[in-house]
Amino acid sequence: MITPQTRKMILAWPLEVKLNALRELQKAGEYGKLMHVMTVLLDAPLREGGVSSDVMQEALNQKPES
């Protein structure tokens, strides 16, 4: 479970930091944590730091840069 303070911190991150965090959790196989962070980002309105599902899906489907 994510605390209200952690939720507020995640929503305050710049978009690219949020997307990189998702990619790193996916890469590390931390799927439970990934789902918690995704839920925070999807539940929040965009104007409050939320991220659309399309943006998240695109970020998670990107091939790693070499």
# chains A, B, ... in the order shown; residues from 1 in each chain; ligands from 1
$ residues_around --residues "segment 34-36 of chain A" --least-positions-apart "3" --cutoff "6 Å" --atoms "only C-alpha atoms" --output "list in words"
Leu25, Tyr31 and Thr39 of chain A
$ residues_around --residues "segment 54-57 of chain A" --least-positions-apart "2" --cutoff "10 Å" --atoms "only C-alpha atoms" --output "list of chain:residue names"
A:Leu15, A:Lys18, A:Leu19, A:Leu22, A:Arg23, A:Met38, A:Leu41, A:Leu42, A:Val51, A:Ser52, A:Ala59, A:Leu60, A:Asn61, A:Gln62
$ residues_around --residues "Gly49 of chain A" --least-positions-apart "4" --cutoff "10 Å" --atoms "only C-alpha atoms" --output "ChimeraX atom specification"
/A:8-15,18,40-45
$ write_last_selection --atoms "N, CA and C atoms" --output "compact mmCIF listing (two decimals), in the first residue's frame"
# COMPACT_ATOMS: atom_id res chain seq x y z
N LYS A 8 1.76 11.62 -2.92
CA LYS A 8 1.99 13.04 -3.23
C LYS A 8 3.37 13.23 -3.88
N MET A 9 4.37 12.51 -3.37
CA MET A 9 5.72 12.61 -3.91
C MET A 9 5.77 12.11 -5.35
N ILE A 10 5.16 10.94 -5.60
CA ILE A 10 5.14 10.36 -6.95
C ILE A 10 4.46 11.31 -7.93
N LEU A 11 3.34 11.89 -7.53
CA LEU A 11 2.61 12.80 -8.42
C LEU A 11 3.37 14.09 -8.69
N ALA A 12 4.30 14.45 -7.81
CA ALA A 12 5.08 15.68 -7.99
C ALA A 12 6.27 15.49 -8.93
N TRP A 13 6.64 14.23 -9.21
CA TRP A 13 7.76 13.97 -10.11
C TRP A 13 7.45 14.49 -11.51
N PRO A 14 8.47 14.94 -12.24
CA PRO A 14 8.27 15.28 -13.66
C PRO A 14 7.84 14.02 -14.43
N LEU A 15 7.15 14.21 -15.53
CA LEU A 15 6.62 13.10 -16.31
C LEU A 15 7.70 12.08 -16.67
N LYS A 18 8.57 9.83 -13.83
CA LYS A 18 7.50 8.85 -13.59
C LYS A 18 7.62 7.69 -14.58
N VAL A 40 -1.57 4.71 -8.73
CA VAL A 40 -1.48 6.09 -8.27
C VAL A 40 -1.57 7.04 -9.46
N LEU A 41 -0.81 6.76 -10.50
CA LEU A 41 -0.77 7.65 -11.67
C LEU A 41 -2.08 7.66 -12.45
N LEU A 42 -2.74 6.52 -12.51
CA LEU A 42 -4.00 6.44 -13.25
C LEU A 42 -5.17 7.04 -12.48
N ASP A 43 -5.13 6.93 -11.16
CA ASP A 43 -6.23 7.44 -10.33
C ASP A 43 -6.23 8.95 -10.22
N ALA A 44 -5.07 9.56 -10.37
CA ALA A 44 -4.96 11.02 -10.21
C ALA A 44 -5.35 11.73 -11.51
N PRO A 45 -6.04 12.86 -11.40
CA PRO A 45 -6.31 13.66 -12.60
C PRO A 45 -5.00 14.14 -13.22
$ select_by_dssp --residues "chain A" --states "helix (DSSP H, G or I)" --output "PDB file with C-alpha atoms, in the first residue's frame"
ATOM      1  CA  PRO A   4      -0.531   9.532   1.139  1.00  0.00           C
ATOM      2  CA  GLN A   5       2.931  11.125   1.448  1.00  0.00           C
ATOM      3  CA  THR A   6       4.416   8.705  -1.093  1.00  0.00           C
ATOM      4  CA  ARG A   7       1.457   9.277  -3.424  1.00  0.00           C
ATOM      5  CA  LYS A   8       1.992  13.038  -3.233  1.00  0.00           C
ATOM      6  CA  MET A   9       5.718  12.612  -3.905  1.00  0.00           C
ATOM      7  CA  ILE A  10       5.143  10.364  -6.950  1.00  0.00           C
ATOM      8  CA  LEU A  11       2.609  12.796  -8.422  1.00  0.00           C
ATOM      9  CA  ALA A  12       5.083  15.684  -7.987  1.00  0.00           C
ATOM     10  CA  LEU A  15       6.623  13.100 -16.313  1.00  0.00           C
ATOM     11  CA  GLU A  16       9.876  11.583 -17.582  1.00  0.00           C
ATOM     12  CA  VAL A  17      10.874  10.583 -14.036  1.00  0.00           C
ATOM     13  CA  LYS A  18       7.499   8.854 -13.592  1.00  0.00           C
ATOM     14  CA  LEU A  19       7.886   6.971 -16.864  1.00  0.00           C
ATOM     15  CA  ASN A  20      11.482   5.993 -16.098  1.00  0.00           C
ATOM     16  CA  ALA A  21      10.384   4.684 -12.691  1.00  0.00           C
ATOM     17  CA  LEU A  22       7.769   2.515 -14.396  1.00  0.00           C
ATOM     18  CA  ARG A  23      10.327   1.199 -16.883  1.00  0.00           C
ATOM     19  CA  GLU A  24      12.835   0.410 -14.133  1.00  0.00           C
ATOM     20  CA  LEU A  25      10.243  -1.436 -12.037  1.00  0.00           C
ATOM     21  CA  GLN A  26       9.222  -3.453 -15.104  1.00  0.00           C
ATOM     22  CA  LYS A  27      12.857  -4.204 -15.979  1.00  0.00           C
ATOM     23  CA  TYR A  31       5.382  -6.108 -10.854  1.00  0.00           C
ATOM     24  CA  GLY A  32       3.604  -5.553  -7.533  1.00  0.00           C
ATOM     25  CA  LYS A  33       5.341  -2.207  -7.051  1.00  0.00           C
ATOM     26  CA  LEU A  34       4.758  -1.380 -10.707  1.00  0.00           C
ATOM     27  CA  MET A  35       1.023  -1.932 -10.305  1.00  0.00           C
ATOM     28  CA  HIS A  36       0.901   0.259  -7.175  1.00  0.00           C
ATOM     29  CA  VAL A  37       2.672   3.148  -8.922  1.00  0.00           C
ATOM     30  CA  MET A  38       0.540   2.740 -12.045  1.00  0.00           C
ATOM     31  CA  THR A  39      -2.606   2.838  -9.904  1.00  0.00           C
ATOM     32  CA  VAL A  40      -1.482   6.094  -8.269  1.00  0.00           C
ATOM     33  CA  LEU A  41      -0.766   7.652 -11.667  1.00  0.00           C
ATOM     34  CA  LEU A  42      -4.001   6.437 -13.254  1.00  0.00           C
ATOM     35  CA  ASP A  43      -6.235   7.436 -10.332  1.00  0.00           C
ATOM     36  CA  LEU A  46      -3.782  14.779 -15.212  1.00  0.00           C
ATOM     37  CA  ARG A  47      -3.758  18.305 -13.779  1.00  0.00           C
ATOM     38  CA  GLU A  48      -2.668  16.848 -10.414  1.00  0.00           C
ATOM     39  CA  SER A  53      -2.925   4.953 -19.746  1.00  0.00           C
ATOM     40  CA  ASP A  54      -1.847   5.561 -23.360  1.00  0.00           C
ATOM     41  CA  VAL A  55       1.329   7.350 -22.250  1.00  0.00           C
ATOM     42  CA  MET A  56       2.152   4.621 -19.726  1.00  0.00           C
ATOM     43  CA  GLN A  57       1.514   1.842 -22.230  1.00  0.00           C
ATOM     44  CA  GLU A  58       3.754   3.507 -24.796  1.00  0.00           C
ATOM     45  CA  ALA A  59       6.545   3.962 -22.218  1.00  0.00           C
ATOM     46  CA  LEU A  60       6.367   0.353 -21.046  1.00  0.00           C
ATOM     47  CA  ASN A  61       6.326  -1.026 -24.590  1.00  0.00           C
TER      48      ASN A  61
END
